[in-house]
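Shown next, in structure tokens, is the structure this report addresses.
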Amino acid sequence: MALRCLERVLARLLRIAVAVLTAVHESLTSRRSGTSVRLPPITNPLLLLSGVQLARKIRRREVTSVEVVQAYIDRIQEVNPIINAVVKHRFSEALQEAAQVDKLLDDEKAEEQELEARLPFLGVPFTAKEAFALRGMPNSTGLVSRRDVVSERDACSVALLKRAGAIPLAVTNCSELCLWLESHNRLYGVTSNPYDTSRIPGGSSGGEGSILASGGSIIGIGSDVGGSIRLPAFFNGIFGHKPTSGVVSNEGQHPPCSGLQEDFLATGPMCRYAMDLLPVLRIMAGANADKLSCPISRLSLTSEVDLKKLRYFSVPHSGGSPMVSPVDKQLIQAQRKVAETLETDLGVRVQELHIPQFKCSTQIWGAFMASPGRDGKPARSFAELMGTEQQKVWPLWEMAKWVVRQSSHTFPAIGLAIVEMAQSSPPSQFIVQQKEQLQNQLENLLGTDGILLYPSYPHVAPKKNLPLLTPFNFSYAGIFNILGLPVTQCPLGLNQEGLPLGVQVVAGRFQDHLTLAVARHLEEAFGGWKEPGAPSALLLGRT
């Protein structure tokens, strides 16, 4: 009881302090406007095909890779001045590579099926979060001190997609050091949500979410240590998949993991169309799947899924933690609609549950992210990551500099570094017990044939800066990083304001194929991605 009271007091004090600082922030930041700018409509039909469909048309010579790449270049140039999602492009190189693909196809004697097996995304463009190394592209993660860092090689996931024939177009914006809900930094500026440019696209893979939803990309690479794939996917109305921990290599990202963070960080695909998720995930998993500590038979990315034979559960909220906001009624209603749809379509029963340990999601995530590694070495602090070998960052001094507009760091980054100063102790026994109980309960509940529906976030995409008032709402997504479970974020149409609704679909460890199969069914039932501003993209429900 005393612990809960203390949590409430600390949460209220934090919100008051953040509210004051936010007011200062708003007064100093004149560039942020409450007016939304409408995106121009998509006019090129090539932009409305999935990656799988584009690859098939390219293989069959029904369209050239140059035509596809040029269509996406044109769209990026059309929308990026509005949303600021792409921070560096390689259009000339991409067109040259597309021309090489078309020449290869002209000279290729192999059958279509052989080409598909060898180069499944031949000639299809993709984008990647700037935190991933892409040869010749910047890799700053929004740090001003890394503005001159240019990648000399490709991150593992980037290299695997290129090896599958895909063509990188650009890198996209993220939050400073990839640990905040807004994709905003002092190097590239602020990225906007294409459904309402006065709102956030999420973070830290917000640039990917924004450009995908705008029709400027078809396949994206994101990373997720606290919802950084799923929250941008939710806020931007697309699909995103956080794989089971260890399925996809995290090599080639900045900042590097420390402590136990490698267990929690996941690299995964972000796509407008659900059919692209599984084939992209197979490519990104690569040979790493054979190195898993668990038997490879548990990872079944090629298995057929009979949705009627699965067991379904729904948890409508975390149970009322004082550190997070209550879930909006419209999101609870949307999740219930999903349950009703599954019951009607599949003849199954969706059991509603309440799991009390979800109340501790914020504390569990924070404690384990800061835990030392198995080698006993402590996790690197956020302040360390903000600085350089030559120049350390002192968070309190940096906040003073920020107030007078002399800091090269964002307010959320400085604030996180200050919060970390007060959280240097290891997880309490109570938090460890809550995490273990939750882990065991979900593993027993889901097994190898269970599906859990859970809210992605308490609200639809917030207005810019508002997450400062509710900094722990991300824990609806972040808890599954600590648990290592696979999660697919699925769009569920738009609300009355034209903003995306969505839900997380969770399964047991290494049951990624189950959540991806459910995602395809929900896409069919609810219509999937809706073009921002399109008159037909109105409300939740069947299309």
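The chains in the structure tokens are called A, B, ... from first to last as shown; in each chain the residues are counted from 1, and the ligands are counted from 1 in the order shown.
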In stretch 371-529 of chain A, DSSP strand (DSSP E or B) residues written as a ChimeraX atom specification: /A:450-454,463,487-494,500-507
Sorted by chain and rising residue number, list the residues of stretch 147-245 of chain A at most 12 Å from stretch 73-96 of chain A (counting only C-alpha atoms), each with its closest atom pair and distance in Å to one decimal, as JSON lines.
{"residue": "A:Arg147", "atom": "CA", "partner": "A:Val87", "partner_atom": "CA", "distance": 11.8}
{"residue": "A:Val150", "atom": "CA", "partner": "A:Lys88", "partner_atom": "CA", "distance": 11.2}
{"residue": "A:Lys162", "atom": "CA", "partner": "A:Ala94", "partner_atom": "CA", "distance": 11.4}
{"residue": "A:Gly165", "atom": "CA", "partner": "A:Ala94", "partner_atom": "CA", "distance": 11.8}
{"residue": "A:Ala166", "atom": "CA", "partner": "A:Ala94", "partner_atom": "CA", "distance": 9.9}
{"residue": "A:Ile167", "atom": "CA", "partner": "A:Ala94", "partner_atom": "CA", "distance": 6.3}
{"residue": "A:Pro168", "atom": "CA", "partner": "A:Ala94", "partner_atom": "CA", "distance": 6.6}
{"residue": "A:Leu169", "atom": "CA", "partner": "A:Arg90", "partner_atom": "CA", "distance": 5.6}
{"residue": "A:Ala170", "atom": "CA", "partner": "A:His89", "partner_atom": "CA", "distance": 4.1}
{"residue": "A:Val171", "atom": "CA", "partner": "A:Lys88", "partner_atom": "CA", "distance": 5.6}
{"residue": "A:Thr172", "atom": "CA", "partner": "A:Val86", "partner_atom": "CA", "distance": 4.3}
{"residue": "A:Asn173", "atom": "CA", "partner": "A:Ala85", "partner_atom": "CA", "distance": 5.5}
{"residue": "A:Cys174", "atom": "CA", "partner": "A:Ala85", "partner_atom": "CA", "distance": 8.6}
{"residue": "A:Ser175", "atom": "CA", "partner": "A:Ala85", "partner_atom": "CA", "distance": 11.5}
{"residue": "A:Glu182", "atom": "CA", "partner": "A:Ala85", "partner_atom": "CA", "distance": 11.9}
{"residue": "A:Ser183", "atom": "CA", "partner": "A:Ala85", "partner_atom": "CA", "distance": 8.8}
{"residue": "A:His184", "atom": "CA", "partner": "A:Asn84", "partner_atom": "CA", "distance": 10.0}
{"residue": "A:Asn185", "atom": "CA", "partner": "A:Val87", "partner_atom": "CA", "distance": 11.4}
{"residue": "A:Leu187", "atom": "CA", "partner": "A:Val87", "partner_atom": "CA", "distance": 9.5}
{"residue": "A:Tyr188", "atom": "CA", "partner": "A:Val87", "partner_atom": "CA", "distance": 6.6}
{"residue": "A:Gly189", "atom": "CA", "partner": "A:Asn84", "partner_atom": "CA", "distance": 7.8}
{"residue": "A:Val190", "atom": "CA", "partner": "A:Asn84", "partner_atom": "CA", "distance": 6.8}
{"residue": "A:Thr191", "atom": "CA", "partner": "A:Asn84", "partner_atom": "CA", "distance": 4.9}
{"residue": "A:Ser192", "atom": "CA", "partner": "A:Ile83", "partner_atom": "CA", "distance": 4.7}
{"residue": "A:Asn193", "atom": "CA", "partner": "A:Ile83", "partner_atom": "CA", "distance": 6.7}
{"residue": "A:Pro194", "atom": "CA", "partner": "A:Ile83", "partner_atom": "CA", "distance": 6.4}
{"residue": "A:Tyr195", "atom": "CA", "partner": "A:Ile83", "partner_atom": "CA", "distance": 10.0}
{"residue": "A:Asp196", "atom": "CA", "partner": "A:Ile83", "partner_atom": "CA", "distance": 9.7}
{"residue": "A:Thr197", "atom": "CA", "partner": "A:Ile83", "partner_atom": "CA", "distance": 6.9}
{"residue": "A:Ser198", "atom": "CA", "partner": "A:Ile83", "partner_atom": "CA", "distance": 10.0}
{"residue": "A:Arg199", "atom": "CA", "partner": "A:Ile83", "partner_atom": "CA", "distance": 10.5}
{"residue": "A:Ile200", "atom": "CA", "partner": "A:Ile83", "partner_atom": "CA", "distance": 10.1}
{"residue": "A:Pro201", "atom": "CA", "partner": "A:Ile83", "partner_atom": "CA", "distance": 9.3}
{"residue": "A:Gly202", "atom": "CA", "partner": "A:Ala85", "partner_atom": "CA", "distance": 11.5}
{"residue": "A:Gly203", "atom": "CA", "partner": "A:Ala85", "partner_atom": "CA", "distance": 11.6}
{"residue": "A:Ser204", "atom": "CA", "partner": "A:Ala85", "partner_atom": "CA", "distance": 11.8}
{"residue": "A:Ser205", "atom": "CA", "partner": "A:Ala85", "partner_atom": "CA", "distance": 9.9}
{"residue": "A:Gly206", "atom": "CA", "partner": "A:Ala85", "partner_atom": "CA", "distance": 7.6}
{"residue": "A:Gly207", "atom": "CA", "partner": "A:Ala85", "partner_atom": "CA", "distance": 4.3}
{"residue": "A:Glu208", "atom": "CA", "partner": "A:Ala85", "partner_atom": "CA", "distance": 7.0}
{"residue": "A:Gly209", "atom": "CA", "partner": "A:Ala85", "partner_atom": "CA", "distance": 8.5}
{"residue": "A:Ser210", "atom": "CA", "partner": "A:Ala85", "partner_atom": "CA", "distance": 6.2}
{"residue": "A:Ile211", "atom": "CA", "partner": "A:Ala85", "partner_atom": "CA", "distance": 5.8}
{"residue": "A:Leu212", "atom": "CA", "partner": "A:Ala85", "partner_atom": "CA", "distance": 9.4}
{"residue": "A:Ala213", "atom": "CA", "partner": "A:Ala85", "partner_atom": "CA", "distance": 10.7}
{"residue": "A:Ser214", "atom": "CA", "partner": "A:Val79", "partner_atom": "CA", "distance": 7.1}
{"residue": "A:Gly215", "atom": "CA", "partner": "A:Arg75", "partner_atom": "CA", "distance": 6.9}
{"residue": "A:Gly216", "atom": "CA", "partner": "A:Ile76", "partner_atom": "CA", "distance": 4.9}
{"residue": "A:Ser217", "atom": "CA", "partner": "A:Ile76", "partner_atom": "CA", "distance": 7.9}
{"residue": "A:Ile218", "atom": "CA", "partner": "A:Arg75", "partner_atom": "CA", "distance": 11.4}
{"residue": "A:Gly220", "atom": "CA", "partner": "A:Val86", "partner_atom": "CA", "distance": 11.8}
{"residue": "A:Pro232", "atom": "CA", "partner": "A:Ala85", "partner_atom": "CA", "distance": 12.0}
{"residue": "A:Asn236", "atom": "CA", "partner": "A:Ile83", "partner_atom": "CA", "distance": 11.9}
Could you pull the residues within 12 Å of A:Asp345, counting only C-alpha atoms, minus those fewer than 6 positions along the same chain, as a PyMOL selection string? chain A and resi 307-308+337-339+518+521-522+524-525+542
Minimum-distance residue to A:Thr244, chosen among A:Ser36, A:Ser228, A:Ser140, A:Thr267 (using only C-alpha atoms): A:Thr267
What does the distance from atom CA of A:Gln253 to atom CA of A:Arg186 come to in Å, to one decimal?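 Between these atoms lies a distance of 19.5 Å.
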So which one's closest to A:Ile221, A:Ala274, A:Ala159, A:Ala287, A:Val404? Using only C-alpha atoms, please.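 Ranked by minimum distance to A:Ile221, first place goes to A:Ala159.
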Need to verify the contact set: A:Pro427, 8 Å, only C-alpha atoms, exclusion of same-chain residues closer than 5 positions in sequence. Can you return it as a compact mmCIF listing (two decimals) with C-alpha atoms, in the first residue's frame?
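The resulting out33.txt:
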# COMPACT_ATOMS: atom_id res chain seq x y z
CA ILE A 364 9.38 -3.41 -14.98
CA ALA A 367 14.25 -1.47 -14.04
CA PHE A 368 15.26 -4.14 -16.53
CA SER A 371 20.03 -3.71 -15.35
CA VAL A 432 11.46 -8.87 -10.26
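Shortest atom-to-atom contact with A:Ala164 among A:Lys329, A:Leu46, A:Pro532, A:Ala55: A:Ala55, counting only C-alpha atoms.
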Pick from A:Ser475, A:Ser50, A:Ser407, A:Gln429: nearest to A:Gly366, with only C-alpha atoms counted?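 Counting only C-alpha atoms, the residue closest to A:Gly366 is A:Ser475.
For the atom pair formed by atom CA of A:Gly246 and atom CA of A:Gly226, the distance is 15.6 Å, given to one decimal.
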So the first atom is atom CA of A:Ser300 and the second is atom CA of A:Ala128; what is the distance between them in Å, to one decimal place?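 The value is 25.8 Å.
The closest residue to A:Trp529, picked from A:His513, A:Lys392, A:Lys463, A:Arg272 and counting only C-alpha atoms, is A:Arg272.
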Give me the residues within 10 Å of A:Gly502 as a VMD selection string, counting only C-alpha atoms and dropping any in the same chain fewer than 2 places off. chain A and resid 230 to 231 233 to 239 331 334 to 335 338 454 to 457 460 489 to 494 500 504 to 505 528 540
Can I get the selection written as a PDB file, in the first residue's frame, with N, CA and C atoms?
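Result file follows (out23.pdb):
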ATOM      1  N   ARG A 230       5.998  -0.411 -33.032  1.00  0.00           N
ATOM      2  CA  ARG A 230       4.541  -0.544 -32.912  1.00  0.00           C
ATOM      3  C   ARG A 230       3.821   0.782 -32.704  1.00  0.00           C
ATOM      4  N   LEU A 231       4.398   1.700 -31.947  1.00  0.00           N
ATOM      5  CA  LEU A 231       3.713   2.975 -31.734  1.00  0.00           C
ATOM      6  C   LEU A 231       3.675   3.814 -33.009  1.00  0.00           C
ATOM      7  N   ALA A 233       3.692   2.577 -35.976  1.00  0.00           N
ATOM      8  CA  ALA A 233       2.744   1.843 -36.825  1.00  0.00           C
ATOM      9  C   ALA A 233       1.314   2.165 -36.412  1.00  0.00           C
ATOM     10  N   PHE A 234       1.050   2.221 -35.107  1.00  0.00           N
ATOM     11  CA  PHE A 234      -0.284   2.555 -34.601  1.00  0.00           C
ATOM     12  C   PHE A 234      -0.685   3.970 -35.006  1.00  0.00           C
ATOM     13  N   PHE A 235       0.151   4.938 -34.680  1.00  0.00           N
ATOM     14  CA  PHE A 235      -0.198   6.338 -34.926  1.00  0.00           C
ATOM     15  C   PHE A 235      -0.340   6.654 -36.417  1.00  0.00           C
ATOM     16  N   ASN A 236       0.325   5.859 -37.277  1.00  0.00           N
ATOM     17  CA  ASN A 236       0.295   6.115 -38.717  1.00  0.00           C
ATOM     18  C   ASN A 236      -0.543   5.099 -39.491  1.00  0.00           C
ATOM     19  N   GLY A 237      -1.236   4.225 -38.794  1.00  0.00           N
ATOM     20  CA  GLY A 237      -2.193   3.341 -39.450  1.00  0.00           C
ATOM     21  C   GLY A 237      -1.604   2.305 -40.377  1.00  0.00           C
ATOM     22  N   ILE A 238      -0.402   1.798 -40.065  1.00  0.00           N
ATOM     23  CA  ILE A 238       0.229   0.761 -40.881  1.00  0.00           C
ATOM     24  C   ILE A 238       0.474  -0.470 -40.013  1.00  0.00           C
ATOM     25  N   PHE A 239       1.108  -1.481 -40.598  1.00  0.00           N
ATOM     26  CA  PHE A 239       1.459  -2.695 -39.872  1.00  0.00           C
ATOM     27  C   PHE A 239       2.930  -2.634 -39.433  1.00  0.00           C
ATOM     28  N   LEU A 331     -10.781   3.230 -28.197  1.00  0.00           N
ATOM     29  CA  LEU A 331      -9.832   2.142 -28.407  1.00  0.00           C
ATOM     30  C   LEU A 331     -10.321   0.851 -27.763  1.00  0.00           C
ATOM     31  N   ALA A 334     -12.871  -0.373 -30.154  1.00  0.00           N
ATOM     32  CA  ALA A 334     -12.240  -0.959 -31.331  1.00  0.00           C
ATOM     33  C   ALA A 334     -11.724  -2.360 -31.036  1.00  0.00           C
ATOM     34  N   GLN A 335     -11.122  -2.550 -29.870  1.00  0.00           N
ATOM     35  CA  GLN A 335     -10.615  -3.877 -29.502  1.00  0.00           C
ATOM     36  C   GLN A 335     -11.756  -4.865 -29.333  1.00  0.00           C
ATOM     37  N   VAL A 338     -12.833  -6.036 -32.673  1.00  0.00           N
ATOM     38  CA  VAL A 338     -11.936  -7.077 -33.169  1.00  0.00           C
ATOM     39  C   VAL A 338     -12.354  -8.434 -32.603  1.00  0.00           C
ATOM     40  N   TYR A 454      -4.246  -6.601 -27.046  1.00  0.00           N
ATOM     41  CA  TYR A 454      -3.885  -5.670 -25.971  1.00  0.00           C
ATOM     42  C   TYR A 454      -3.746  -4.273 -26.573  1.00  0.00           C
ATOM     43  N   PRO A 455      -4.157  -3.222 -25.861  1.00  0.00           N
ATOM     44  CA  PRO A 455      -4.040  -1.867 -26.410  1.00  0.00           C
ATOM     45  C   PRO A 455      -2.590  -1.510 -26.743  1.00  0.00           C
ATOM     46  N   SER A 456      -2.433  -0.686 -27.764  1.00  0.00           N
ATOM     47  CA  SER A 456      -1.101  -0.246 -28.176  1.00  0.00           C
ATOM     48  C   SER A 456      -0.631   0.930 -27.339  1.00  0.00           C
ATOM     49  N   TYR A 457      -1.581   1.792 -26.974  1.00  0.00           N
ATOM     50  CA  TYR A 457      -1.303   3.065 -26.312  1.00  0.00           C
ATOM     51  C   TYR A 457      -2.650   3.564 -25.802  1.00  0.00           C
ATOM     52  N   VAL A 460      -5.209   7.747 -29.324  1.00  0.00           N
ATOM     53  CA  VAL A 460      -4.752   7.860 -30.708  1.00  0.00           C
ATOM     54  C   VAL A 460      -3.593   8.859 -30.734  1.00  0.00           C
ATOM     55  N   GLN A 489       1.504  -5.041 -34.683  1.00  0.00           N
ATOM     56  CA  GLN A 489       0.592  -3.909 -34.579  1.00  0.00           C
ATOM     57  C   GLN A 489      -0.285  -3.870 -35.820  1.00  0.00           C
ATOM     58  N   CYS A 490      -1.613  -3.824 -35.619  1.00  0.00           N
ATOM     59  CA  CYS A 490      -2.555  -3.900 -36.725  1.00  0.00           C
ATOM     60  C   CYS A 490      -3.460  -2.671 -36.752  1.00  0.00           C
ATOM     61  N   PRO A 491      -3.607  -2.021 -37.909  1.00  0.00           N
ATOM     62  CA  PRO A 491      -4.539  -0.896 -38.032  1.00  0.00           C
ATOM     63  C   PRO A 491      -5.983  -1.389 -38.090  1.00  0.00           C
ATOM     64  N   LEU A 492      -6.894  -0.569 -37.573  1.00  0.00           N
ATOM     65  CA  LEU A 492      -8.314  -0.928 -37.504  1.00  0.00           C
ATOM     66  C   LEU A 492      -9.197   0.175 -38.075  1.00  0.00           C
ATOM     67  N   GLY A 493      -8.755   0.831 -39.124  1.00  0.00           N
ATOM     68  CA  GLY A 493      -9.520   1.923 -39.685  1.00  0.00           C
ATOM     69  C   GLY A 493      -9.242   3.229 -38.965  1.00  0.00           C
ATOM     70  N   LEU A 494     -10.063   4.237 -39.239  1.00  0.00           N
ATOM     71  CA  LEU A 494      -9.882   5.571 -38.687  1.00  0.00           C
ATOM     72  C   LEU A 494     -11.069   5.957 -37.813  1.00  0.00           C
ATOM     73  N   PRO A 500      -5.833   7.111 -37.096  1.00  0.00           N
ATOM     74  CA  PRO A 500      -5.808   5.649 -37.058  1.00  0.00           C
ATOM     75  C   PRO A 500      -6.135   5.061 -35.683  1.00  0.00           C
ATOM     76  N   GLN A 504      -2.623  -4.253 -30.592  1.00  0.00           N
ATOM     77  CA  GLN A 504      -1.486  -5.170 -30.588  1.00  0.00           C
ATOM     78  C   GLN A 504      -1.998  -6.609 -30.577  1.00  0.00           C
ATOM     79  N   VAL A 505      -1.377  -7.447 -31.403  1.00  0.00           N
ATOM     80  CA  VAL A 505      -1.687  -8.881 -31.440  1.00  0.00           C
ATOM     81  C   VAL A 505      -0.441  -9.618 -30.971  1.00  0.00           C
ATOM     82  N   GLY A 528      -7.323  -2.490 -43.368  1.00  0.00           N
ATOM     83  CA  GLY A 528      -5.896  -2.190 -43.323  1.00  0.00           C
ATOM     84  C   GLY A 528      -5.590  -0.708 -43.407  1.00  0.00           C
ATOM     85  N   LEU A 540     -14.056   2.887 -38.407  1.00  0.00           N
ATOM     86  CA  LEU A 540     -13.775   1.520 -38.005  1.00  0.00           C
ATOM     87  C   LEU A 540     -14.818   0.584 -38.578  1.00  0.00           C
TER      88      LEU A 540
END
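For the set A:Gln441, A:Glu384, A:Ser361, A:Arg60, the residue with the smallest atom-to-atom gap to A:Glu108 is A:Arg60, counting only C-alpha atoms.
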In stretch 216-390 of chain A, what's helix (DSSP H, G or I) per DSSP? Answer as a ChimeraX atom specification? /A:230-235,261-264,274-291,296-298,307-309,329-346,356-369,382-386
